[in-house]
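Asker: start_8.tsv is reproduced in full below (TSV, C-alpha atoms).
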```
chain	number	residue	atom	x	y	z
I	1	MET	CA	33.35	34.75	32.33
I	2	THR	CA	32.83	31.92	30.03
I	3	VAL	CA	30.02	32.68	27.61
I	4	ARG	CA	27.15	30.49	28.53
I	5	THR	CA	25.30	28.95	25.62
I	6	CYS	CA	21.89	27.44	26.33
I	7	ALA	CA	21.33	24.35	24.25
I	8	ALA	CA	17.66	23.97	23.42
I	9	ALA	CA	16.65	20.63	24.95
I	10	ALA	CA	14.07	18.49	23.23
I	11	ALA	CA	11.66	16.93	25.71
I	12	ILE	CA	11.06	13.25	25.04
I	13	LEU	CA	7.48	12.16	25.43
I	14	VAL	CA	7.15	8.46	25.99
I	15	SER	CA	3.82	6.69	25.99
I	16	ALA	CA	3.36	2.98	26.60
I	17	GLY	CA	0.52	0.84	25.33
I	18	CYS	CA	0.02	-2.68	24.11
I	19	GLY	CA	3.69	-3.45	24.73
I	20	ALA	CA	4.96	-0.67	22.38
I	21	SER	CA	6.37	2.83	22.96
I	22	THR	CA	6.68	5.89	20.76
I	23	THR	CA	8.85	9.01	21.16
I	24	GLU	CA	8.24	12.50	19.88
I	25	SER	CA	10.53	15.57	20.02
I	26	LYS	CA	9.01	18.80	21.25
I	27	PRO	CA	9.31	21.35	18.41
I	28	LEU	CA	11.66	24.28	18.95
I	29	PRO	CA	9.99	27.66	19.43
I	30	PRO	CA	10.11	30.02	16.45
I	31	VAL	CA	13.01	32.47	16.27
I	32	ASN	CA	12.31	36.00	17.51
I	33	ALA	CA	15.08	38.12	16.03
I	34	LYS	CA	14.05	41.13	18.10
I	35	ALA	CA	14.07	39.43	21.49
I	36	ASN	CA	15.88	40.98	24.43
I	37	SER	CA	18.05	37.93	25.14
I	38	MET	CA	19.53	35.03	23.23
I	39	LYS	CA	17.67	32.43	25.30
I	40	GLU	CA	14.31	34.13	24.79
I	41	GLY	CA	14.70	34.77	21.07
I	42	PHE	CA	16.77	31.89	19.79
I	43	GLY	CA	17.26	29.25	22.46
I	44	SER	CA	20.92	28.71	21.63
I	45	LEU	CA	23.95	30.47	20.18
I	46	GLU	CA	23.83	28.06	17.25
I	47	ARG	CA	20.30	29.11	16.31
I	48	LEU	CA	21.23	32.78	16.69
I	49	ALA	CA	24.25	32.27	14.43
I	50	GLU	CA	22.11	30.52	11.82
I	51	ALA	CA	19.54	33.34	11.86
I	52	ALA	CA	22.33	35.89	11.44
I	53	LYS	CA	23.86	33.90	8.59
I	54	GLN	CA	20.50	33.91	6.81
I	55	GLU	CA	20.40	37.71	7.10
I	56	GLY	CA	23.90	37.66	5.62
I	57	GLU	CA	25.08	41.17	6.57
I	58	LEU	CA	25.80	43.46	9.51
I	59	ASN	CA	26.11	47.24	9.37
I	60	VAL	CA	28.60	48.73	11.85
I	61	ILE	CA	29.44	52.41	12.15
I	62	ALA	CA	32.30	54.48	13.60
I	63	LEU	CA	34.67	51.53	14.08
I	64	PRO	CA	38.17	52.47	12.83
I	65	ARG	CA	40.10	49.29	12.17
I	66	ASP	CA	43.06	50.54	14.24
I	67	TRP	CA	40.88	51.46	17.24
I	68	VAL	CA	41.02	48.79	20.01
I	69	ASN	CA	41.69	46.12	17.36
I	70	TYR	CA	38.31	46.53	15.68
I	71	GLY	CA	39.86	45.43	12.38
I	72	GLY	CA	40.74	42.07	13.89
I	73	ILE	CA	37.36	41.80	15.63
I	74	ILE	CA	35.42	42.52	12.45
I	75	ASP	CA	37.44	40.06	10.37
I	76	THR	CA	37.18	37.31	12.99
I	77	PHE	CA	33.42	37.77	13.32
I	78	ALA	CA	32.86	37.73	9.56
I	79	GLU	CA	34.92	34.58	9.07
I	80	LYS	CA	33.54	32.79	12.12
I	81	TYR	CA	29.87	33.29	11.29
I	82	GLY	CA	29.79	33.85	7.52
I	83	VAL	CA	28.29	37.33	7.86
I	84	LYS	CA	29.46	40.22	5.67
I	85	VAL	CA	30.31	43.30	7.75
I	86	ASN	CA	29.63	46.67	6.14
I	87	GLU	CA	31.87	49.31	7.75
I	88	LEU	CA	30.07	52.67	7.65
I	89	GLU	CA	31.88	55.97	8.34
I	90	PRO	CA	34.74	54.57	10.44
I	91	ALA	CA	35.84	58.03	11.57
I	92	ALA	CA	32.39	59.21	12.72
I	93	SER	CA	31.92	60.63	16.21
I	94	SER	CA	29.39	59.17	18.62
I	95	GLN	CA	26.92	61.98	17.94
I	96	ARG	CA	27.39	61.55	14.20
I	97	GLU	CA	26.44	57.86	14.59
I	98	ILE	CA	23.10	58.91	16.02
I	99	ASP	CA	22.52	61.73	13.53
I	100	ALA	CA	23.31	59.47	10.55
I	101	ALA	CA	21.32	56.46	11.72
I	102	ARG	CA	18.15	57.23	9.78
I	103	GLN	CA	20.11	57.51	6.51
I	104	LEU	CA	22.86	54.91	6.95
I	105	LYS	CA	20.86	52.35	8.95
I	106	PRO	CA	23.55	50.87	11.21
I	107	ASP	CA	22.63	47.75	13.14
I	108	VAL	CA	24.85	48.47	16.14
I	109	PHE	CA	26.51	51.43	17.79
I	110	ASP	CA	29.76	52.04	19.70
I	111	LEU	CA	29.22	55.21	21.74
I	112	THR	CA	30.49	57.38	24.53
I	113	LEU	CA	28.43	57.09	27.68
I	114	ASP	CA	26.87	60.55	27.51
I	115	VAL	CA	25.60	60.04	23.96
I	116	ALA	CA	24.25	56.59	24.79
I	117	VAL	CA	22.35	57.83	27.85
I	118	ALA	CA	20.85	60.74	25.91
I	119	ASN	CA	19.61	58.46	23.13
I	120	ALA	CA	18.59	55.32	25.04
I	121	GLY	CA	15.10	55.43	23.52
I	122	LYS	CA	16.55	54.72	20.07
I	123	PHE	CA	18.04	51.36	21.07
I	124	ALA	CA	16.59	47.87	21.22
I	125	PRO	CA	17.11	46.38	24.70
I	126	TYR	CA	19.21	43.23	24.65
I	127	LYS	CA	21.07	41.53	27.48
I	128	VAL	CA	24.12	39.51	26.43
I	129	GLN	CA	24.97	36.22	28.10
I	130	GLY	CA	27.72	37.84	30.17
I	131	TRP	CA	25.30	40.46	31.51
I	132	GLN	CA	25.92	39.63	35.16
I	133	ASP	CA	29.65	40.34	34.70
I	134	LEU	CA	29.07	43.96	33.69
I	135	PRO	CA	29.28	46.55	36.47
I	136	ASP	CA	25.90	48.04	37.28
I	137	ASP	CA	27.10	51.62	36.85
I	138	VAL	CA	28.04	51.09	33.21
I	139	LYS	CA	24.91	49.37	31.92
I	140	ASP	CA	21.30	50.39	31.47
I	141	PRO	CA	19.04	48.20	33.63
I	142	SER	CA	16.77	47.46	30.67
I	143	GLY	CA	19.66	46.47	28.39
I	144	ALA	CA	19.41	49.49	26.08
I	145	TRP	CA	23.19	50.07	26.32
I	146	TYR	CA	26.14	48.56	28.16
I	147	ALA	CA	29.89	49.13	28.38
I	148	ALA	CA	32.21	46.83	26.40
I	149	TYR	CA	35.65	48.27	27.13
I	150	GLY	CA	37.35	51.12	28.90
I	151	SER	CA	40.51	53.22	28.84
I	152	TYR	CA	42.42	55.59	31.08
I	153	MET	CA	43.45	59.06	29.99
I	154	SER	CA	47.22	58.91	29.70
I	155	ILE	CA	50.36	60.85	28.85
I	156	GLY	CA	52.45	59.36	26.06
I	157	TYR	CA	55.96	60.80	25.74
I	158	ASP	CA	59.25	60.43	23.88
I	159	PRO	CA	61.80	59.41	26.57
I	160	ARG	CA	64.64	60.47	24.29
I	161	ARG	CA	63.50	64.09	24.42
I	162	VAL	CA	61.75	64.59	27.78
I	163	SER	CA	61.66	63.00	31.20
I	164	ALA	CA	58.61	61.07	32.39
I	165	PRO	CA	55.96	63.51	33.64
I	166	ALA	CA	54.60	62.58	37.06
I	167	SER	CA	51.45	64.65	36.67
I	168	PHE	CA	49.60	66.81	34.18
I	169	ALA	CA	50.96	69.86	36.01
I	170	ASP	CA	54.46	68.78	34.98
I	171	LEU	CA	53.56	69.54	31.36
I	172	ALA	CA	53.82	73.24	32.19
I	173	LYS	CA	57.56	72.80	32.77
I	174	PRO	CA	59.98	73.81	29.98
I	175	GLY	CA	60.69	71.26	27.27
I	176	TYR	CA	57.31	69.61	26.96
I	177	VAL	CA	55.65	70.13	23.56
I	178	VAL	CA	52.14	68.78	23.94
I	179	ALA	CA	49.32	67.57	21.72
I	180	LEU	CA	45.73	66.66	22.47
I	181	ASP	CA	43.81	64.12	20.44
I	182	GLY	CA	41.95	66.75	18.44
I	183	ASP	CA	39.89	69.81	19.34
I	184	PRO	CA	38.31	69.42	22.81
I	185	LEU	CA	35.21	71.26	21.57
I	186	ARG	CA	34.65	68.49	19.03
I	187	SER	CA	36.67	65.44	20.07
I	188	MET	CA	35.64	63.49	23.16
I	189	GLY	CA	39.18	62.17	23.55
I	190	ALA	CA	40.61	65.70	23.61
I	191	PHE	CA	37.86	66.89	25.95
I	192	GLU	CA	38.61	64.07	28.38
I	193	GLY	CA	42.29	65.02	28.20
I	194	VAL	CA	41.47	68.53	29.41
I	195	MET	CA	39.20	67.09	32.10
I	196	ALA	CA	41.92	64.72	33.32
I	197	ALA	CA	44.23	67.69	33.75
I	198	SER	CA	41.46	69.44	35.66
I	199	LEU	CA	41.13	66.83	38.41
I	200	LEU	CA	41.80	68.03	41.95
I	201	HIS	CA	41.53	65.39	44.67
I	202	GLY	CA	39.34	63.32	42.36
I	203	THR	CA	36.95	66.15	41.46
I	204	PRO	CA	36.97	67.87	38.06
I	205	ARG	CA	37.69	71.58	38.06
I	206	PRO	CA	37.43	72.45	34.34
I	207	GLN	CA	39.18	75.77	34.76
I	208	ARG	CA	42.40	74.00	35.85
I	209	GLY	CA	42.60	72.02	32.62
I	210	VAL	CA	41.71	75.00	30.46
I	211	GLU	CA	44.34	77.14	32.19
I	212	LEU	CA	47.07	74.52	31.67
I	213	PHE	CA	46.45	74.02	27.98
I	214	GLY	CA	45.80	77.72	27.46
I	215	ARG	CA	49.24	78.44	28.90
I	216	LEU	CA	50.85	75.83	26.64
I	217	LYS	CA	49.10	77.37	23.65
I	218	ARG	CA	50.25	80.88	24.49
I	219	GLU	CA	53.83	79.63	24.89
I	220	GLY	CA	53.72	77.86	21.54
I	221	ARG	CA	53.90	74.43	23.16
I	222	LEU	CA	50.45	73.09	22.26
I	223	THR	CA	50.70	71.59	18.81
I	224	GLU	CA	49.61	68.71	16.59
I	225	PRO	CA	50.62	65.10	17.40
I	226	ALA	CA	53.23	64.85	14.62
I	227	LYS	CA	55.21	67.75	16.15
I	228	ALA	CA	54.79	66.86	19.83
I	229	ASN	CA	57.02	65.00	22.26
I	230	VAL	CA	53.99	64.42	24.50
I	231	ILE	CA	50.50	63.28	23.51
I	232	VAL	CA	47.61	63.36	25.97
I	233	GLY	CA	45.20	60.63	24.89
I	234	TRP	CA	43.57	57.34	25.77
I	235	ASP	CA	46.05	54.81	27.05
I	236	HIS	CA	45.10	52.22	24.43
I	237	LEU	CA	46.24	54.64	21.71
I	238	ASN	CA	49.48	55.56	23.45
I	239	ALA	CA	50.12	51.90	24.31
I	240	ALA	CA	49.64	50.82	20.69
I	241	ARG	CA	52.19	53.44	19.63
I	242	SER	CA	54.61	52.29	22.32
I	243	ALA	CA	54.26	48.67	21.21
I	244	GLN	CA	55.63	49.64	17.79
I	245	ASP	CA	58.81	51.17	19.29
I	246	PRO	CA	59.12	50.94	23.09
I	247	ASP	CA	62.38	52.90	23.10
I	248	ALA	CA	60.79	55.85	21.33
I	249	TRP	CA	57.47	56.05	23.18
I	250	LYS	CA	56.43	55.45	26.78
I	251	VAL	CA	53.08	55.73	28.53
I	252	THR	CA	52.15	56.88	32.01
I	253	ILE	CA	48.85	57.36	33.82
I	254	PRO	CA	49.33	60.07	36.46
I	255	LYS	CA	48.58	58.86	39.99
I	256	ASP	CA	46.65	62.01	40.84
I	257	ALA	CA	44.45	61.86	37.74
I	258	PRO	CA	43.30	58.29	36.93
I	259	LEU	CA	40.46	59.49	34.72
I	260	GLY	CA	38.79	56.67	32.84
I	261	ALA	CA	35.86	56.20	30.51
I	262	TYR	CA	33.94	53.38	28.90
I	263	HIS	CA	32.65	52.93	25.39
I	264	VAL	CA	29.23	51.37	25.34
I	265	GLN	CA	27.40	49.21	22.83
I	266	ALA	CA	23.81	49.34	21.66
I	267	ILE	CA	21.54	47.81	19.03
I	268	SER	CA	19.48	50.09	16.82
I	269	LYS	CA	15.75	49.82	17.39
I	270	HIS	CA	15.45	49.85	13.59
I	271	ALA	CA	18.34	47.46	12.83
I	272	PRO	CA	17.92	46.02	9.32
I	273	HIS	CA	19.72	42.85	10.47
I	274	PRO	CA	18.42	42.26	14.02
I	275	ALA	CA	19.78	38.72	14.43
I	276	ALA	CA	23.23	39.70	13.17
I	277	ALA	CA	23.18	42.70	15.52
I	278	ARG	CA	22.51	40.43	18.50
I	279	LEU	CA	25.14	37.93	17.39
I	280	TRP	CA	27.67	40.77	17.13
I	281	GLN	CA	26.97	41.79	20.71
I	282	GLU	CA	27.31	38.20	21.92
I	283	PHE	CA	30.66	37.98	20.12
I	284	VAL	CA	32.01	41.29	21.41
I	285	PHE	CA	31.13	40.32	24.99
I	286	SER	CA	32.31	36.72	24.70
I	287	ASP	CA	35.68	35.68	26.12
I	288	GLU	CA	37.05	35.67	22.58
I	289	GLY	CA	35.73	39.14	21.76
I	290	GLN	CA	36.86	40.65	25.05
I	291	ASN	CA	40.38	39.24	24.59
I	292	LEU	CA	40.47	40.66	21.07
I	293	LEU	CA	39.60	44.10	22.47
I	294	GLN	CA	42.40	43.71	25.00
I	295	LYS	CA	44.75	42.84	22.13
I	296	GLY	CA	44.06	46.42	21.00
I	297	PHE	CA	45.13	47.62	24.49
I	298	ALA	CA	41.57	48.30	25.64
I	299	ARG	CA	40.46	47.15	29.07
I	300	PRO	CA	37.63	44.62	28.61
I	301	VAL	CA	34.62	45.27	30.80
I	302	ARG	CA	34.43	41.58	31.73
I	303	GLY	CA	38.15	41.47	32.48
I	304	GLU	CA	37.89	41.01	36.25
I	305	ALA	CA	35.45	38.13	36.00
I	306	MET	CA	37.44	36.57	33.15
I	307	LEU	CA	40.57	36.75	35.28
I	308	MET	CA	38.79	34.91	38.07
I	309	ARG	CA	37.64	32.23	35.62
I	310	ARG	CA	41.07	32.04	34.00
I	311	THR	CA	39.80	32.95	30.55
I	312	LEU	CA	41.57	36.33	30.32
I	313	ASP	CA	44.68	36.60	28.15
I	314	THR	CA	47.00	37.47	31.04
I	315	GLU	CA	50.06	37.87	28.83
I	316	GLN	CA	48.36	40.66	26.90
I	317	ALA	CA	46.93	42.11	30.11
I	318	ALA	CA	50.48	42.50	31.41
I	319	ARG	CA	51.29	44.68	28.38
I	320	LEU	CA	48.69	47.31	29.30
I	321	PRO	CA	49.94	50.54	30.90
I	322	VAL	CA	50.03	50.28	34.70
I	323	ALA	CA	46.92	51.81	36.22
I	324	PRO	CA	47.41	53.67	39.51
I	325	GLY	CA	44.06	52.52	40.84
I	326	PRO	CA	40.36	52.31	40.00
I	327	PRO	CA	39.31	54.84	37.37
I	328	ILE	CA	37.55	58.05	38.18
I	329	LEU	CA	34.50	58.15	35.91
I	330	LEU	CA	32.87	61.48	35.15
I	331	THR	CA	29.16	61.62	35.83
I	332	ILE	CA	26.82	62.91	33.15
I	333	PRO	CA	26.33	66.21	35.04
I	334	GLN	CA	30.12	66.60	35.39
I	335	THR	CA	30.56	65.93	31.67
I	336	ASP	CA	27.84	68.43	30.79
I	337	ALA	CA	29.31	71.07	33.10
I	338	GLY	CA	32.76	70.54	31.63
I	339	LYS	CA	31.50	70.88	28.07
I	340	SER	CA	29.62	74.06	28.95
I	341	TYR	CA	32.71	75.57	30.56
I	342	LEU	CA	34.97	74.72	27.64
I	343	LYS	CA	32.45	76.06	25.17
I	344	LYS	CA	32.65	79.44	26.91
I	345	GLU	CA	36.30	79.57	27.93
I	346	TRP	CA	38.46	77.39	25.66
I	347	THR	CA	38.97	79.90	22.85
I	348	LYS	CA	39.32	82.86	25.24
I	349	SER	CA	42.05	81.04	27.18
I	350	GLY	CA	44.22	80.75	24.09
I	351	GLY	CA	43.52	77.05	23.69
```
Could you spell out this file's structure in structure tokens?
Answerer:
Amino acid sequence: MTVRTCAAAAAILVSAGCGASTTESKPLPPVNAKANSMKEGFGSLERLAEAAKQEGELNVIALPRDWVNYGGIIDTFAEKYGVKVNELEPAASSQREIDAARQLKPDVFDLTLDVAVANAGKFAPYKVQGWQDLPDDVKDPSGAWYAAYGSYMSIGYDPRRVSAPASFADLAKPGYVVALDGDPLRSMGAFEGVMAASLLHGTPRPQRGVELFGRLKREGRLTEPAKANVIVGWDHLNAARSAQDPDAWKVTIPKDAPLGAYHVQAISKHAPHPAAARLWQEFVFSDEGQNLLQKGFARPVRGEAMLMRRTLDTEQAARLPVAPGPPILLTIPQTDAGKSYLKKEWTKSGG
């Protein structure tokens, strides 16, 4: 998965006459900062980087610095290319990114799949150099949006206080004091936690998840993360916590519920810094950018191809929680059905 840069080649025109020859370089095409590929708009990564440097800034939104190592990614990008990165509303949700776009004018988005699909018309199509390495089911054919990294829904637990749960159903046993990553009616991470607990033979049954967490709530065992000995959340978050103190925090992904999800990237159709936006995408999807995401315990979308090409940081890959198999990805209709069910039943269940 080595990022392929296309050096713009100057054609040499040689004419002979009267014993003398002259050479002339073919002029480079003008830069098109709104092109849908680097080759089409800039000819080379160097010309793209120069155009971005002339713009001087990049507006990102909803990128907490402690989320999948975005702090390190932002700092590396800024230093590497001489572009100032303006970090807008780091804690914003995916829907908030879209709602605030007219006012805040972000250049790029990091979104959940459902929000990206629903708003594809607001993005500028752009296919990064590693496009062929991205699975077809997590990219828009036109290049409006495409996955950058994924995570599994996991169970993080304090091994000093509870035994390792083998499944989400185990959380109903005495002793487990559980937290979700927020309110599942508002937080996608918490919603996916309920949906992971709802899986039955690979199919989501929302009522199962709602019943489990409703029972925990009624028994006084559904609480906030600071008071819990178990946290249901994305494995990159639980893994980062475990890395700080492996003896105090462990992570497991239940074999019967390998629910996963991808975060996707997109460029705003009205990006104030269109070249910088495209350079950011090239960086995030480069070998360097993908390895930096993995450093934050995310699973880079180009990871399989990078492994084959020996460009993946295999030492860091070995530190990721063990996945029981390929992820189960909720379809948009399954996500919509789950949200509708929770909207009606979550509060009534005691959750």
Asker: Using all atoms listed in the file, find the one residue out of I:Phe168, I:Asp133, I:Thr331, I:Lys139 that sits nearest to I:Leu307.
Answerer: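 That would be I:Asp133, the residue with the smallest distance to I:Leu307.
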Asker: Between I:Ala52, I:Met153, I:Ala179, I:Leu111, which one has atoms that come closest to I:Gly193, using only C-alpha atoms?
Answerer: I:Met153
Asker: Residues near I:Arg161, anyone? I mean within 10 Å using all atoms listed in the file, not counting same-chain ones fewer than 4 positions away, as a count of residues only.
Answerer: 7
Asker: Considering all atoms listed in the file, return as number ranges by chain whatever protein or nucleic-acid residues lie within 7 Å of I:Gly209, sequence-local ones (same chain, fewer than 6 positions apart) excluded.
Answerer: I: 194-195, 197-198
Asker: Would you list the contacts of I:Ile267 as a PyMOL selection string, taking every protein, DNA or RNA residue within 12 Å and counting only C-alpha atoms, but skipping same-chain residues closer than 3 positions in sequence?
Answerer: chain I and resi 34-36+58-61+98+101+105-111+116+119-128+143-146+264+270-282
Asker: Counting only C-alpha atoms, which of I:Lys343, I:Arg310, I:His263, I:Lys348 gets nearest to I:Tyr152?
Answerer: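 Of I:Lys343, I:Arg310, I:His263, I:Lys348, the one nearest I:Tyr152, counting only C-alpha atoms, is I:His263.
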Asker: Nearest to I:Ile328: which of I:Glu224, I:Glu211, I:Glu89, I:Asp256 is it, counting only C-alpha atoms?
Answerer: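 Result for the nearest residue to I:Ile328: I:Asp256.
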Asker: Pick the closest to I:Ala118 from I:Leu342, I:Ile332, I:Leu48, I:Ala228: which is it, counting all atoms listed in the file?
Answerer: I:Ile332
Asker: Measuring atom to atom with only C-alpha atoms, identify which of I:Asp140, I:Glu288, I:Glu345, I:Asp183 is nearest to I:Gly214.
Answerer: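 Selected residue with least distance to I:Gly214: I:Glu345.
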Asker: Tell me, in Å to one decimal, how far atom CA of I:Leu329 is from atom CA of I:Thr311.
Answerer: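 Spanning atom CA of I:Leu329 to atom CA of I:Thr311 is a straight-line distance of 26.3 Å.
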Asker: So how far away is atom CA of I:Val322 from atom CA of I:Gly182, in Å?
Answerer: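 Atom-to-atom, atom CA of I:Gly182 and atom CA of I:Val322 are spaced 24.5 Å apart.
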Asker: Work out how far apart atom CA of I:Tyr262 and atom CA of I:Arg241 are and give it in Å to one decimal.
Answerer: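 Going from atom CA of I:Tyr262 over to atom CA of I:Arg241 covers 20.5 Å.
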